[in-house]
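Novice: For reference, the file coords-v8.cif (mmCIF, C-alpha atoms and all ligand atoms) is included below:
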data_input
#
loop_
_atom_site.label_atom_id
_atom_site.label_comp_id
_atom_site.auth_asym_id
_atom_site.auth_seq_id
_atom_site.Cartn_x
_atom_site.Cartn_y
_atom_site.Cartn_z
CA MET A 1 12.19 2.49 -17.72
CA ALA A 2 12.18 0.58 -14.42
CA GLN A 3 9.97 2.19 -11.80
CA ARG A 4 11.45 3.48 -8.58
CA PRO A 5 10.70 1.37 -5.50
CA TYR A 6 7.56 2.57 -3.73
CA ILE A 7 7.82 2.62 0.07
CA VAL A 8 4.58 3.49 1.83
CA GLY A 9 4.04 3.98 5.56
CA ASN A 10 0.65 3.13 7.05
CA TRP A 11 0.47 4.91 10.38
CA LYS A 12 -2.88 3.26 11.20
CA MET A 13 -4.52 4.80 14.32
CA ASN A 14 -1.27 6.31 15.54
CA GLY A 15 -0.20 9.91 15.70
CA THR A 16 -1.25 13.30 16.94
CA ARG A 17 0.26 16.60 15.83
CA ALA A 18 3.34 15.68 17.84
CA MET A 19 4.10 13.15 15.05
CA LEU A 20 4.51 15.96 12.51
CA SER A 21 8.19 16.16 13.43
CA GLU A 22 8.53 12.53 12.29
CA ALA A 23 6.78 13.37 9.00
CA ARG A 24 9.19 16.30 8.51
CA ALA A 25 12.17 14.02 9.17
CA ILE A 26 10.83 11.47 6.65
CA ASP A 27 10.37 14.22 4.08
CA ARG A 28 13.89 15.58 4.60
CA ALA A 29 15.42 12.10 4.30
CA ALA A 30 13.34 11.40 1.16
CA GLN A 31 14.85 14.50 -0.44
CA ARG A 32 18.24 12.81 -0.13
CA LEU A 33 16.93 9.52 -1.53
CA MET A 34 15.39 10.45 -4.83
CA LYS A 35 15.75 6.89 -6.17
CA VAL A 36 12.82 5.88 -3.99
CA GLU A 37 9.21 7.04 -4.05
CA VAL A 38 8.22 7.56 -0.41
CA ALA A 39 4.67 8.00 0.89
CA ILE A 40 2.83 8.00 4.19
CA ALA A 41 -0.81 7.49 5.08
CA PRO A 42 -1.33 9.18 8.44
CA PRO A 43 -4.67 9.08 10.26
CA ALA A 44 -7.30 11.29 8.56
CA THR A 45 -6.85 13.95 11.25
CA LEU A 46 -3.26 14.55 10.07
CA ILE A 47 -3.58 14.34 6.28
CA HIS A 48 -3.80 18.09 5.78
CA ALA A 49 -1.04 18.92 8.24
CA VAL A 50 1.35 16.33 6.77
CA HIS A 51 0.48 17.53 3.26
CA LYS A 52 1.44 21.09 4.28
CA GLU A 53 4.79 19.89 5.64
CA ALA A 54 5.72 17.56 2.76
CA ASP A 55 7.79 18.63 -0.23
CA GLN A 56 9.02 15.27 -1.44
CA ILE A 57 6.74 12.54 -0.11
CA TRP A 58 3.22 11.56 -1.17
CA VAL A 59 0.50 11.79 1.47
CA GLY A 60 -2.50 9.48 1.45
CA ALA A 61 -5.57 8.27 3.34
CA GLN A 62 -6.06 4.86 4.95
CA ASP A 63 -9.63 4.38 3.71
CA CYS A 64 -12.52 6.25 2.09
CA HIS A 65 -16.26 5.71 1.75
CA GLN A 66 -17.69 4.63 -1.59
CA SER A 67 -20.27 7.47 -1.67
CA GLU A 68 -19.54 11.07 -2.51
CA SER A 69 -21.34 12.49 0.53
CA GLY A 70 -24.25 11.76 2.82
CA ALA A 71 -25.37 10.41 6.17
CA TYR A 72 -22.33 8.23 6.94
CA THR A 73 -21.24 9.23 10.42
CA GLY A 74 -17.51 8.98 10.94
CA ASP A 75 -16.63 8.30 7.30
CA ILE A 76 -14.78 10.44 4.78
CA SER A 77 -15.26 10.39 1.00
CA ALA A 78 -12.52 10.14 -1.59
CA ALA A 79 -13.10 13.77 -2.58
CA MET A 80 -12.77 14.87 1.06
CA ALA A 81 -9.47 12.98 1.40
CA ALA A 82 -8.25 14.60 -1.83
CA ASP A 83 -9.35 18.03 -0.57
CA ALA A 84 -7.28 17.51 2.58
CA GLY A 85 -4.20 16.82 0.41
CA ALA A 86 -4.30 13.05 -0.10
CA LYS A 87 -2.93 11.82 -3.41
CA PHE A 88 -3.72 8.15 -2.79
CA VAL A 89 -5.81 5.93 -0.56
CA ILE A 90 -5.15 2.49 0.91
CA LEU A 91 -8.21 0.28 0.36
CA GLY A 92 -9.17 -3.21 1.45
CA HIS A 93 -6.60 -3.48 4.25
CA SER A 94 -7.18 -6.67 6.23
CA GLU A 95 -7.84 -4.56 9.35
CA ARG A 96 -10.74 -2.92 7.46
CA ARG A 97 -11.96 -6.17 5.94
CA GLY A 98 -11.73 -7.98 9.30
CA GLY A 99 -12.63 -5.21 11.75
CA HIS A 100 -15.22 -3.29 9.72
CA GLY A 101 -16.90 -6.02 7.72
CA GLU A 102 -15.62 -4.83 4.34
CA THR A 103 -16.29 -7.27 1.52
CA ASP A 104 -14.70 -7.61 -1.90
CA ALA A 105 -17.83 -5.96 -3.34
CA SER A 106 -17.63 -2.92 -1.02
CA VAL A 107 -13.89 -2.61 -1.59
CA LYS A 108 -14.51 -2.60 -5.35
CA LYS A 109 -16.97 0.30 -4.96
CA LYS A 110 -14.39 2.19 -2.91
CA VAL A 111 -11.73 1.64 -5.59
CA GLN A 112 -14.12 3.04 -8.19
CA ALA A 113 -14.94 6.05 -6.00
CA ALA A 114 -11.26 6.77 -5.32
CA LEU A 115 -10.23 6.57 -8.98
CA GLY A 116 -13.24 8.75 -9.83
CA ALA A 117 -11.89 11.38 -7.42
CA SER A 118 -8.46 11.13 -9.12
CA LEU A 119 -6.82 9.44 -6.13
CA ALA A 120 -4.28 6.71 -6.72
CA VAL A 121 -5.21 3.45 -5.00
CA ILE A 122 -3.19 0.92 -3.00
CA LEU A 123 -5.43 -2.14 -3.01
CA CYS A 124 -4.55 -4.69 -0.31
CA CYS A 125 -4.98 -8.43 -0.54
CA GLY A 126 -3.67 -11.39 1.41
CA GLU A 127 -4.55 -14.72 2.94
CA SER A 128 -5.05 -15.82 6.55
CA GLU A 129 -2.77 -18.34 8.24
CA ASP A 130 -5.46 -20.99 7.85
CA VAL A 131 -5.59 -20.51 4.07
CA ARG A 132 -1.79 -20.55 3.86
CA ASP A 133 -1.62 -23.76 5.93
CA LYS A 134 -3.98 -25.40 3.44
CA GLY A 135 -1.73 -24.29 0.56
CA LYS A 136 -4.58 -22.31 -1.02
CA GLU A 137 -3.01 -18.84 -0.97
CA LEU A 138 -2.66 -18.37 -4.74
CA ALA A 139 -6.30 -19.26 -5.38
CA PHE A 140 -7.44 -17.10 -2.44
CA VAL A 141 -5.48 -13.99 -3.42
CA THR A 142 -6.40 -14.10 -7.11
CA LYS A 143 -10.09 -14.62 -6.26
CA GLN A 144 -10.02 -11.78 -3.71
CA LEU A 145 -8.37 -9.42 -6.19
CA SER A 146 -10.60 -10.39 -9.13
CA ALA A 147 -13.61 -9.57 -6.98
CA SER A 148 -12.17 -6.28 -5.64
CA LEU A 149 -10.83 -4.81 -8.89
CA PRO A 150 -13.14 -2.77 -11.11
CA LYS A 151 -12.77 -2.39 -14.88
CA MET A 152 -10.40 0.53 -15.05
CA GLY A 153 -10.09 2.03 -18.54
CA ASN A 154 -6.59 3.45 -18.50
CA ALA A 155 -6.34 3.92 -14.74
CA ALA A 156 -3.69 1.20 -14.31
CA GLU A 157 -1.04 3.83 -13.67
CA LYS A 158 -3.00 4.90 -10.58
CA LEU A 159 -3.19 1.39 -9.16
CA THR A 160 -0.80 -0.40 -6.80
CA ILE A 161 -1.49 -3.85 -5.36
CA ALA A 162 -0.19 -4.58 -1.85
CA TYR A 163 0.20 -8.28 -1.04
CA GLU A 164 -0.05 -8.54 2.73
CA PRO A 165 -0.41 -12.02 4.19
CA ILE A 166 -2.57 -11.39 7.26
CA TRP A 167 -0.45 -13.67 9.46
CA ALA A 168 2.62 -11.50 8.72
CA ILE A 169 1.05 -8.15 9.68
CA GLY A 170 2.39 -6.82 12.97
CA THR A 171 3.56 -10.29 14.03
CA GLY A 172 7.27 -10.15 13.24
CA LYS A 173 6.77 -13.12 10.85
CA THR A 174 7.48 -12.54 7.17
CA ALA A 175 6.72 -14.70 4.19
CA THR A 176 9.79 -16.27 2.59
CA PRO A 177 11.16 -14.71 -0.60
CA ASP A 178 9.99 -17.78 -2.55
CA ASP A 179 6.47 -17.54 -1.14
CA ILE A 180 6.27 -13.83 -1.89
CA GLY A 181 7.65 -14.36 -5.40
CA ALA A 182 5.03 -17.01 -6.15
CA VAL A 183 2.13 -14.82 -5.02
CA HIS A 184 3.43 -11.72 -6.80
CA ALA A 185 3.85 -13.73 -10.02
CA ALA A 186 0.25 -14.93 -9.74
CA ILE A 187 -0.93 -11.35 -9.16
CA ARG A 188 1.02 -10.15 -12.20
CA LYS A 189 -0.57 -12.85 -14.35
CA LEU A 190 -4.02 -11.83 -13.15
CA LEU A 191 -3.33 -8.15 -13.91
CA VAL A 192 -2.16 -8.99 -17.43
CA ASP A 193 -5.24 -11.18 -17.97
CA LEU A 194 -7.51 -8.38 -16.74
CA TYR A 195 -5.90 -5.30 -18.26
CA GLY A 196 -3.71 -6.57 -21.11
CA ALA A 197 0.05 -6.95 -21.39
CA GLU A 198 0.98 -3.26 -21.38
CA GLN A 199 -1.28 -1.96 -18.61
CA GLY A 200 -1.04 -5.14 -16.57
CA ALA A 201 2.75 -4.82 -16.50
CA GLU A 202 2.52 -1.19 -15.37
CA VAL A 203 0.68 -1.85 -12.09
CA ARG A 204 3.05 -1.90 -9.15
CA ILE A 205 2.89 -4.83 -6.72
CA ILE A 206 4.32 -4.17 -3.25
CA TYR A 207 4.74 -6.44 -0.22
CA GLY A 208 3.61 -5.77 3.35
CA GLY A 209 3.99 -7.73 6.58
CA SER A 210 6.62 -7.02 9.24
CA VAL A 211 9.01 -5.27 6.86
CA LYS A 212 11.95 -3.77 8.79
CA PRO A 213 15.32 -2.24 7.87
CA GLU A 214 16.95 -5.62 8.67
CA ASN A 215 14.87 -7.69 6.22
CA ALA A 216 13.99 -5.05 3.62
CA ARG A 217 16.92 -5.63 1.27
CA GLU A 218 16.16 -9.34 0.92
CA LEU A 219 12.42 -8.78 0.52
CA MET A 220 12.88 -5.95 -1.99
CA SER A 221 15.16 -8.17 -4.12
CA VAL A 222 12.37 -10.65 -4.86
CA PRO A 223 11.25 -10.55 -8.52
CA GLU A 224 8.00 -8.57 -9.01
CA VAL A 225 8.32 -6.84 -5.63
CA GLY A 226 8.06 -3.12 -6.39
CA GLY A 227 8.21 -1.78 -2.86
CA ALA A 228 6.74 -2.18 0.60
CA LEU A 229 3.69 -1.24 2.65
CA VAL A 230 5.03 -0.70 6.15
CA GLY A 231 3.03 -0.50 9.38
CA GLY A 232 4.91 -0.49 12.69
CA ALA A 233 8.33 0.40 11.28
CA SER A 234 6.92 3.50 9.53
CA LEU A 235 6.21 5.30 12.81
CA ALA A 236 9.83 6.39 13.27
CA ALA A 237 11.71 8.19 10.51
CA ASP A 238 14.93 6.25 11.17
CA SER A 239 13.45 2.78 10.70
CA PHE A 240 11.14 3.81 7.86
CA MET A 241 13.87 5.50 5.89
CA GLY A 242 16.20 2.58 6.68
CA ILE A 243 13.73 0.47 4.71
CA ALA A 244 13.70 3.04 1.90
CA ALA A 245 17.52 3.01 1.76
CA ALA A 246 17.55 -0.80 1.67
CA ALA A 247 15.05 -0.73 -1.19
CA ALA A 248 17.28 1.70 -3.12
CA ASP A 249 20.21 -0.71 -2.67
CA ALA A 250 18.15 -3.74 -3.70
CA PHE A 251 16.90 -2.03 -6.87
CA GLU A 252 20.41 -1.00 -7.84
CA GLU A 253 21.78 -4.54 -7.73
C1 LIG B 1 0.28 -3.20 7.50
O1 LIG B 1 -0.58 -3.22 8.36
O2 LIG B 1 0.02 -2.77 6.37
C2 LIG B 1 1.59 -3.73 7.84
C3 LIG B 1 2.31 -4.22 6.87
O3 LIG B 1 1.96 -3.72 9.17
P1 LIG B 1 3.38 -4.19 9.79
O4 LIG B 1 4.47 -3.61 8.92
O5 LIG B 1 3.38 -3.62 11.16
O6 LIG B 1 3.38 -5.68 9.75
#
Written as structure tokens, how would this file's structure read?
Specialist:
Amino acid sequence: MAQRPYIVGNWKMNGTRAMLSEARAIDRAAQRLMKVEVAIAPPATLIHAVHKEADQIWVGAQDCHQSESGAYTGDISAAMAADAGAKFVILGHSERRGGHGETDASVKKKVQAALGASLAVILCCGESEDVRDKGKELAFVTKQLSASLPKMGNAAEKLTIAYEPIWAIGTGKTATPDDIGAVHAAIRKLLVDLYGAEQGAEVRIIYGGSVKPENARELMSVPEVGGALVGGASLAADSFMGIAAAAADAFEE
């Protein structure tokens, strides 16, 4: 059976308790749009509160540490995120790789830790503008993913890959449908090579980078695009759920 589109909001470092009304509005709208799987990753300070408010949507974390506990000031472990109500965690976002020195090797450890704590994982990958200009994006993304993905047993159902070209994040630029299709096809091939035909086909691949209600239908119609990771447009229920509605339309076509 075809999976439902997966539309995930990454609130980044935005939101105090005043944003809970937005989470409630997203949850209410998601109850009327059951053809779409809707999720949000609020800042860690709001995970528990959003979890308490949410009936329909998944709630997740934006990062976790690779260790279970210890002297890591400011970090949270996968088990702590799960205890607060997270069902998934976003890992390897370019803002973590770029701003916090995360490497493929450290991201891989985090993926292992998250799966070990029974969290689902959204693993981000994507090339810089420089790499794209050189036409090396397929080689870059497959190398980055190969180095960030652990051996997973049968955990494929808990894994989602988010292809997010760095130059498209928060810039208003989006990759063209053809460009996205080519990268998603290369990611699918890698997943099948790594995990076999059945499990490799099961892993969802979503796109992120300036997705908005106006461009969502076109982007969600690209082959192998299973949903969207949304930053800026996820901060307001109207725009975020506009994207979810567009995804529902695209998947029905
Ligand atoms: C993101 O950071 O994951 C993202 C896709 O951001 P935006 O939608 O704002 O480009």
Novice: Can you tell me which residues surround Gln56 of chain A at a distance of at most 12 Å, considering only C-alpha atoms, apart from same-chain residues fewer than 4 positions away, and format the answer as an NGL selection string?
Specialist: :A and (23-40 or 50-52)
Novice: Would you name the residues within 6 Å of ligand LIG 1 (chain B), counting all atoms listed in the file, and put them as a short mmCIF file (atom, residue, chain, number, x, y, z; two decimals) with C-alpha atoms, in the coordinates of the input?
Specialist:
data_model
loop_
_atom_site.label_atom_id
_atom_site.label_comp_id
_atom_site.auth_asym_id
_atom_site.auth_seq_id
_atom_site.Cartn_x
_atom_site.Cartn_y
_atom_site.Cartn_z
CA ASN A 10 0.65 3.13 7.05
CA ALA A 168 2.62 -11.50 8.72
CA ILE A 169 1.05 -8.15 9.68
CA GLY A 170 2.39 -6.82 12.97
CA GLY A 208 3.61 -5.77 3.35
CA GLY A 209 3.99 -7.73 6.58
CA SER A 210 6.62 -7.02 9.24
CA VAL A 211 9.01 -5.27 6.86
CA LEU A 229 3.69 -1.24 2.65
CA VAL A 230 5.03 -0.70 6.15
CA GLY A 231 3.03 -0.50 9.38
CA GLY A 232 4.91 -0.49 12.69
#
Novice: Just the residues within 9 Å of Met152 of chain A, please, counting all atoms listed in the file, with nothing from its chain fewer than 4 positions along; format it as a PyMOL selection string.
Specialist: chain A and resi 112+115+156+195
Novice: Near Lys87 of chain A, within 10 Å and counting only C-alpha atoms, which residues show up once chain neighbours fewer than 4 positions away are dropped, as a list in words?
Specialist: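 Listing them by chain and then by number gives Ala39, Ala41, His51, Trp58, Val59, Gly60, Ala61, Ala78, Ala81, Ala82, Asp83, Ala114, Ala117, Ser118, Leu119, Ala120, Val121 and Lys158 of chain A.
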Novice: I need the residues from that last selection saved to file as a PDB file, in the coordinates of the input (with C-alpha atoms), if you can.
Specialist:
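Generated output (again-v9.pdb):
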ATOM      1  CA  ALA A  39       4.670   8.000   0.890  1.00  0.00           C
ATOM      2  CA  ALA A  41      -0.810   7.490   5.080  1.00  0.00           C
ATOM      3  CA  HIS A  51       0.480  17.530   3.260  1.00  0.00           C
ATOM      4  CA  TRP A  58       3.220  11.560  -1.170  1.00  0.00           C
ATOM      5  CA  VAL A  59       0.500  11.790   1.470  1.00  0.00           C
ATOM      6  CA  GLY A  60      -2.500   9.480   1.450  1.00  0.00           C
ATOM      7  CA  ALA A  61      -5.570   8.270   3.340  1.00  0.00           C
ATOM      8  CA  ALA A  78     -12.520  10.140  -1.590  1.00  0.00           C
ATOM      9  CA  ALA A  81      -9.470  12.980   1.400  1.00  0.00           C
ATOM     10  CA  ALA A  82      -8.250  14.600  -1.830  1.00  0.00           C
ATOM     11  CA  ASP A  83      -9.350  18.030  -0.570  1.00  0.00           C
ATOM     12  CA  ALA A 114     -11.260   6.770  -5.320  1.00  0.00           C
ATOM     13  CA  ALA A 117     -11.890  11.380  -7.420  1.00  0.00           C
ATOM     14  CA  SER A 118      -8.460  11.130  -9.120  1.00  0.00           C
ATOM     15  CA  LEU A 119      -6.820   9.440  -6.130  1.00  0.00           C
ATOM     16  CA  ALA A 120      -4.280   6.710  -6.720  1.00  0.00           C
ATOM     17  CA  VAL A 121      -5.210   3.450  -5.000  1.00  0.00           C
ATOM     18  CA  LYS A 158      -3.000   4.900 -10.580  1.00  0.00           C
TER      19      LYS A 158
END
Novice: For segment 198-205 of chain A, find every residue with an atom within 7 Å (counting all atoms listed in the file), except residues of its own chain fewer than 5 positions away, and show them as a PDB file with C-alpha atoms, keeping the file's coordinate frame.
Specialist:
ATOM      1  CA  ALA A 156      -3.690   1.200 -14.310  1.00  0.00           C
ATOM      2  CA  GLU A 157      -1.040   3.830 -13.670  1.00  0.00           C
ATOM      3  CA  LEU A 159      -3.190   1.390  -9.160  1.00  0.00           C
ATOM      4  CA  THR A 160      -0.800  -0.400  -6.800  1.00  0.00           C
ATOM      5  CA  ILE A 161      -1.490  -3.850  -5.360  1.00  0.00           C
ATOM      6  CA  ALA A 162      -0.190  -4.580  -1.850  1.00  0.00           C
ATOM      7  CA  HIS A 184       3.430 -11.720  -6.800  1.00  0.00           C
ATOM      8  CA  ARG A 188       1.020 -10.150 -12.200  1.00  0.00           C
ATOM      9  CA  LEU A 191      -3.330  -8.150 -13.910  1.00  0.00           C
ATOM     10  CA  VAL A 192      -2.160  -8.990 -17.430  1.00  0.00           C
ATOM     11  CA  GLU A 224       8.000  -8.570  -9.010  1.00  0.00           C
ATOM     12  CA  VAL A 225       8.320  -6.840  -5.630  1.00  0.00           C
ATOM     13  CA  GLY A 226       8.060  -3.120  -6.390  1.00  0.00           C
TER      14      GLY A 226
END
Novice: So the first atom is atom CA of Ala155 of chain A and the second is atom CA of Gly126 of chain A; what is the distance between them in Å, to one decimal place?
Specialist: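 Between atom CA of Ala155 of chain A and atom CA of Gly126 of chain A the gap is 22.4 Å.
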Novice: For His100 of chain A, which residue out of A:Gly227, A:Asp63, A:Ala250, A:Pro43 is the nearest one, using only C-alpha atoms?
Specialist: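 Of the candidates, the smallest distance to His100 of chain A is held by A:Asp63.
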Novice: Considering all atoms listed in the file, return as an MDAnalysis selection string whatever protein or nucleic-acid residues lie within 10 Å of Met80 of chain A, sequence-local ones (same chain, fewer than 2 positions apart) excluded.
Specialist: chainID A and resid 44 64:65 68:69 75:78 82:86 117
Novice: Filtering to C-alpha atoms, could you give me those residues as an mmCIF file, keeping the file's coordinate frame?
Specialist:
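Ended up saving to out_34.cif:
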data_model
loop_
_atom_site.group_PDB
_atom_site.id
_atom_site.type_symbol
_atom_site.label_atom_id
_atom_site.label_comp_id
_atom_site.auth_asym_id
_atom_site.auth_seq_id
_atom_site.Cartn_x
_atom_site.Cartn_y
_atom_site.Cartn_z
ATOM 1 C CA ALA A 44 -7.300 11.290 8.560
ATOM 2 C CA CYS A 64 -12.520 6.250 2.090
ATOM 3 C CA HIS A 65 -16.260 5.710 1.750
ATOM 4 C CA GLU A 68 -19.540 11.070 -2.510
ATOM 5 C CA SER A 69 -21.340 12.490 0.530
ATOM 6 C CA ASP A 75 -16.630 8.300 7.300
ATOM 7 C CA ILE A 76 -14.780 10.440 4.780
ATOM 8 C CA SER A 77 -15.260 10.390 1.000
ATOM 9 C CA ALA A 78 -12.520 10.140 -1.590
ATOM 10 C CA ALA A 82 -8.250 14.600 -1.830
ATOM 11 C CA ASP A 83 -9.350 18.030 -0.570
ATOM 12 C CA ALA A 84 -7.280 17.510 2.580
ATOM 13 C CA GLY A 85 -4.200 16.820 0.410
ATOM 14 C CA ALA A 86 -4.300 13.050 -0.100
ATOM 15 C CA ALA A 117 -11.890 11.380 -7.420
#
Novice: Provide the atom CA of Asp104 of chain A to atom CA of Glu129 of chain A distance in Å, to one decimal place.
Specialist: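 Computing the Euclidean distance for atom CA of Asp104 of chain A and atom CA of Glu129 of chain A yields 19.0 Å.
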Novice: Determine the nearest neighbour of Lys189 of chain A from the options A:Leu235, A:Ala175, A:Leu20, A:Leu138, counting all atoms listed in the file.
Specialist: A:Leu138
Novice: Quick one, how far is atom CA of Glu137 of chain A from atom CA of Lys108 of chain A?
Specialist: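 Computing it gives 20.4 Å between the two atoms.
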Novice: Could you check which of A:Ser148, A:Gln3, A:Thr142, A:Asn14 is closest to Ala236 of chain A, using all atoms listed in the file?
Specialist: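 For Ala236 of chain A, the nearest of the candidates is A:Asn14.
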Novice: Restricting the calculation to all atoms listed in the file: of A:Ala245, A:Val8, A:Leu190, A:Cys124, which residue gets closest to Asn215 of chain A?
Specialist: A:Ala245
Novice: Taking (-9.5, -7.2, 7.7) as a centre in this file's frame and 12 Å as the limit, can you find every polymer residue with an atom that close, using all atoms listed in the file, and give them as a list in words?
Specialist: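 Applying the cut-off with all atoms listed in the file, one gets Leu91, Gly92, His93, Ser94, Glu95, Arg96, Arg97, Gly98, Gly99, His100, Gly101, Glu102, Thr103, Asp104, Val107, Cys124, Cys125, Gly126, Glu127, Ser128, Glu164, Pro165, Ile166, Trp167 and Ile169 of chain A.
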Novice: Under the rule that all atoms listed in the file are counted, which of A:Ala186, A:Lys212, A:Thr16, A:Gly74 is the nearest residue to Gly172 of chain A?
Specialist: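 Of A:Ala186, A:Lys212, A:Thr16, A:Gly74, the one nearest Gly172 of chain A is A:Lys212, counting all atoms listed in the file.
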Novice: Select, from A:Ala233, A:Ala244, A:Leu145, A:Ala182, the residue with the minimum atom-to-atom distance to Ile122 of chain A, counting all atoms listed in the file.
Specialist: A:Leu145
